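S.K.: So that we are looking at the same thing, I have put the structure below in structure tokens.
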Number of protein chains: 4
Amino acid sequence: MRAADSTQRVPGLGVVALRTLLGKPWGSPIQVGPTRYAALPPRLADHLKLLDRKAQIILPKDAARIVFEAGLRSGSRVAEAGVGSGALTLALAYFVGPAGRVYAYDVRQDHLDVGRRNVARAGLEDVVEFRLGDVTKEVVEHDLDAFVLDVPEPEAAVAAAQTHLRPGGVFAAYTPLVVQMERAALALRARGFVEVRSLETLERGWTVHDRGSRPDTNMLAHTGFLTFARRP
Amino acid sequence: MRAADSTQRVPGLGVVALRTLLGKPWGSPIQVGPTRYAALPPRLADHLKLLDRKAQIILPKDAARIVFEAGLRSGSRVAEAGVGSGALTLALAYFVGPAGRVYAYDVRQDHLDVGRRNVARAGLEDVVEFRLGDVTKEVVEHDLDAFVLDVPEPEAAVAAAQTHLRPGGVFAAYTPLVVQMERAALALRARGFVEVRSLETLERGWTVHDRGSRPDTNMLAHTGFLTFARRP
Amino acid sequence: MRAADSTQRVPGLGVVALRTLLGKPWGSPIQVGPTRYAALPPRLADHLKLLDRKAQIILPKDAARIVFEAGLRSGSRVAEAGVGSGALTLALAYFVGPAGRVYAYDVRQDHLDVGRRNVARAGLEDVVEFRLGDVTKEVVEHDLDAFVLDVPEPEAAVAAAQTHLRPGGVFAAYTPLVVQMERAALALRARGFVEVRSLETLERGWTVHDRGSRPDTNMLAHTGFLTFARRP
Amino acid sequence: MRAADSTQRVPGLGVVALRTLLGKPWGSPIQVGPTRYAALPPRLADHLKLLDRKAQIILPKDAARIVFEAGLRSGSRVAEAGVGSGALTLALAYFVGPAGRVYAYDVRQDHLDVGRRNVARAGLEDVVEFRLGDVTKEVVEHDLDAFVLDVPEPEAAVAAAQTHLRPGGVFAAYTPLVVQMERAALALRARGFVEVRSLETLERGWTVHDRGSRPDTNMLAHTGFLTFARRP
């Protein structure tokens, strides 16, 4: 359910009895106080906005790029760590399901619990296998299409990635600090990974008015650096 | 086949007789002059780099974001225009196949021909139906998940999108000029589309050296503005 | 007076009796609660941070570029409009004084009053002549080195700039909206101005820690577009 | 002498006998083949574009910010190192002259020679004292307003800056690598400098057409990081 007029963001204006929506087709208008809303099916971006959070979650600009660079689609098999709140887990599962699998590793049971709840809420629980364990040494799957890491020391997982990725499989690390990006890139090169490269993505919103347009006043200056490579 | 050492980009150093590669497993080393290469299966990004071009093609930073925002995955059904060189067509087909479909419209037969050749080279021809026609009035499919437009006047396709998208379906326009973004956004609002927003994505590469890291010297300052909305 | 340890920003921690500072040399330490401060002479950036505001003021990234492109230094003579809170007036006066002059036009007396007070507080009142009037038709000075405009319709001042600038003098407009930038640039070309160009500047802060560095999380995505040209 | 129509950049179209320009007022039109040019006095930005180069020179976006943050104007006294091609020397001299001084240090005589020639060509030779020597230990001036460094190891000059800056004087370092920025910032904090901060500036040009505007296709992604601090 979203505001029918996207320029009015007025949470808290009223309450909708959900049973009044039962049986109505998607797109049906709902009046809440002075504002007209529409009942729409949740999309991937909605699931990501609504999930329970334990920490800052990965943004669409970064998750989209990881999915694209790793070429993840139905049938792909991916190892992921750490799970955190499960935002990246959910995005990966969305694209690799129903035929593929995400093997989601985390050393903390509470992260796995939150991640599992968020993934289930999006109806993707059959696509993910949550594993309590250390991605640097406890991965058991082979011939994986990708290793996707949002951990403090992704360089420690390069050896495991070499063993468990298929030839041409993609290593992807998301790291907030420059030094983390450096260690990951140097470890990948030392191990003979190819097409090693690091980049950052920036997103700038625009405000469009009848009287003229301008970029939004604020933006995120930084989320994380992305480092990609392939197993030869 | 990629350079095993990604820091050496030396096209033209030598020639490889392709038959020497037949039967070898992916990842096999190949010596070309002083450089060691590895034979790797092409991934989505490789297909995009290698396709025949008639014009500037959409980049991963933009294509990835469109796929993500529209939530395109196996089974999704998408109308796309114009085809151009087929880069975006190929990317869309990669994610919606094998169960989904891309209905790729263009008013020029030569664009359709190039697009079809590029899509076939990536083995995705069964996922795309190429249609000679005007996306603003000749779309025949219904209940589509997305309308993806890389045309000079995307605002002209808003009415068609309203008719042919499912409720909650995503309209996405890629436009180089500010005024094109403005017209698309205003037309979407006028038609009652919700969650209308425009943004641009930027990508900045980094060079990682043992002695220190720095952003690359050059980057693309602009490709296109992205405008997204949903049908209520 | 600034925090001696820039990582501690603790306004409101205590009170300093200013008379205890009288007669002490610049740089003297001052203890306020647990924090050591240093008494330093205000610099240009300090004056800009501390001035009374009526609206968003121009930032160093933009003011610096205007001063540099227009080559404003001691002796330069500049017409400026509108005054607003006087931030840009103050910056221009800082660089052109003591030998130069800023002729600061505004159609609102209250803006002139605020601007005059802020400029006086920085000790630059002798460098600025405040004029109640319309910069598009009431400028009386000739052979000016620059016309600097922070007004909604800078294109309306192009004719006046042509009359009152010296040959080679610089026209500079700061505009939040794309359409304002467009109108200014097209009017300048139509009038035969040369070296017409528009640009935007972005600033990204970095956080340096012992354990690693990263860009700050947030940044301003937009302040204004800058359009420069020279009178032939 | 610049193109009167800035959209035509056609170097090599013809030759102008400079004596035909003697005695003509600035702004006079000159016909060269099909293009009309105008004779304009050089401004700061022109001097920077035309100087003899030994290496990449500092750009207006960075030089402008250094001048602004350090508050350099007529009468300011600045130590600078290294001289390189003299671009930054020239810019500093432009703003601090005629009453101020730039003390320009370099350990290489050939850099000093090129810098001196470029500064002289801009008519600023009286404002600069070129010194063959190491800025980390051979500065002789005291109570300087600023220390401006474009050297590989600016952290080595922090102690000298502490001795030779006036209280509140500004330390400014321009460094291409992240690790150089880190070392400078950490050394400044360790020495008790205040208001330590690092940032980078980006410039994005825009193309304005009758039919619509858009950012330029390319931009510089990186020049150098700027680190500023003040002596307490």
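How things are named: the first chain in the structure tokens is A, the next is B, and so on; residues count from 1 in each chain; ligands count from 1 in the order shown.
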Compute the set of chain B residues within 12 Å of chain C, using only C-alpha atoms, and express it as a list in words.
M.R.: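 Filtering chain B at 12 Å from chain C with only C-alpha atoms gives Leu177, Val178, Val179, Glu182, Leu199, Glu200, Ser213, Arg214 and Ala221 of chain B.
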S.K.: For the structure I just gave you, how does DSSP split segment 31-116 of chain C - specifically, which residues are alpha helix (DSSP H)? Reply as a ChimeraX atom specification.
M.R.: /C:44-50,60-70,87-96,109-116
S.K.: Do you know which residues are at most 12 Å from Ala91 of chain C counting only C-alpha atoms, after dropping those on the same chain fewer than 6 positions away, and could you put them as a PyMOL selection string?
M.R.: (chain C and resi 43-49+51+57-68+72-73+78+80+83+85+97+102+115+118-119+122-124+127-128+148) or (chain D and resi 67-69+71-73)
S.K.: List every residue of segment 31-226 of chain A that DSSP, applied to the backbone of this structure, places in strand (DSSP E), and write the result as a PyMOL selection string.
M.R.: chain A and resi 31-32+35-38+77-81+101-106+128-132+144-149+165-175+194-209+212-215+218-220+225-226
S.K.: Taking into account only C-alpha atoms, which residue in the set B:Gly82, B:Pro232, B:Pro25, B:Pro34 is nearest to Leu165 of chain B?
M.R.: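 Among B:Gly82, B:Pro232, B:Pro25, B:Pro34, it is B:Pro232 that comes nearest to Leu165 of chain B.
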S.K.: Show which residues sit within 12 Å of Phe130 of chain A, as a count of residues only. Count only C-alpha atoms, and ignore same-chain residues fewer than 4 positions away.
M.R.: 35
S.K.: Could you check how far atom CA of Val158 of chain C sits from atom CA of Gln31 of chain D, in Å to one decimal?
M.R.: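 These atoms are spaced 24.7 Å apart.
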S.K.: Find the residues around Gly168 of chain C up to 9 Å (only C-alpha atoms counted), leave out those fewer than 2 positions away in its own chain, and share them as a short mmCIF file (atom, residue, chain, number, x, y, z; two decimals) with N, CA and C atoms, in the first residue's frame.
M.R.:
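Final file, out09.cif:
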data_model
loop_
_atom_site.label_atom_id
_atom_site.label_comp_id
_atom_site.auth_asym_id
_atom_site.auth_seq_id
_atom_site.Cartn_x
_atom_site.Cartn_y
_atom_site.Cartn_z
N ASP C 145 35.27 44.43 -13.15
CA ASP C 145 36.00 43.19 -13.43
C ASP C 145 35.07 41.98 -13.42
N LEU C 165 30.65 45.76 -17.64
CA LEU C 165 31.91 45.02 -17.48
C LEU C 165 32.98 45.62 -18.39
N ARG C 166 34.22 45.50 -17.98
CA ARG C 166 35.33 45.83 -18.89
C ARG C 166 35.46 44.69 -19.89
N VAL C 170 34.33 39.17 -16.20
CA VAL C 170 33.69 37.86 -16.02
C VAL C 170 32.26 37.98 -15.47
N VAL C 194 31.78 35.31 -24.57
CA VAL C 194 32.64 34.20 -24.98
C VAL C 194 33.03 33.35 -23.78
N ALA C 229 31.13 33.34 -18.01
CA ALA C 229 31.37 33.83 -19.38
C ALA C 229 32.20 35.10 -19.28
N ARG C 230 32.73 35.50 -20.43
CA ARG C 230 33.50 36.76 -20.45
C ARG C 230 32.94 37.72 -21.49
N ARG C 231 33.02 39.00 -21.18
CA ARG C 231 32.57 40.01 -22.13
C ARG C 231 33.66 40.20 -23.17
N PRO C 232 33.32 40.13 -24.45
CA PRO C 232 34.35 40.30 -25.48
C PRO C 232 34.70 41.78 -25.69
N TRP D 26 41.30 46.08 -25.92
CA TRP D 26 40.84 44.75 -25.56
C TRP D 26 39.39 44.56 -26.02
N GLY D 27 39.10 43.40 -26.52
CA GLY D 27 37.75 43.11 -26.99
C GLY D 27 37.60 43.28 -28.49
N ALA D 39 40.19 39.70 -28.89
CA ALA D 39 41.43 39.82 -28.14
C ALA D 39 41.09 40.24 -26.72
N LEU D 40 41.36 39.36 -25.76
CA LEU D 40 41.02 39.65 -24.36
C LEU D 40 42.28 39.56 -23.50
N PRO D 41 42.33 40.36 -22.44
CA PRO D 41 43.47 40.26 -21.53
C PRO D 41 43.46 38.89 -20.84
N PRO D 42 44.63 38.29 -20.61
CA PRO D 42 44.65 36.99 -19.95
C PRO D 42 44.18 37.10 -18.51
N ARG D 43 43.42 36.11 -18.06
CA ARG D 43 43.04 36.09 -16.65
C ARG D 43 43.81 34.95 -15.97
#
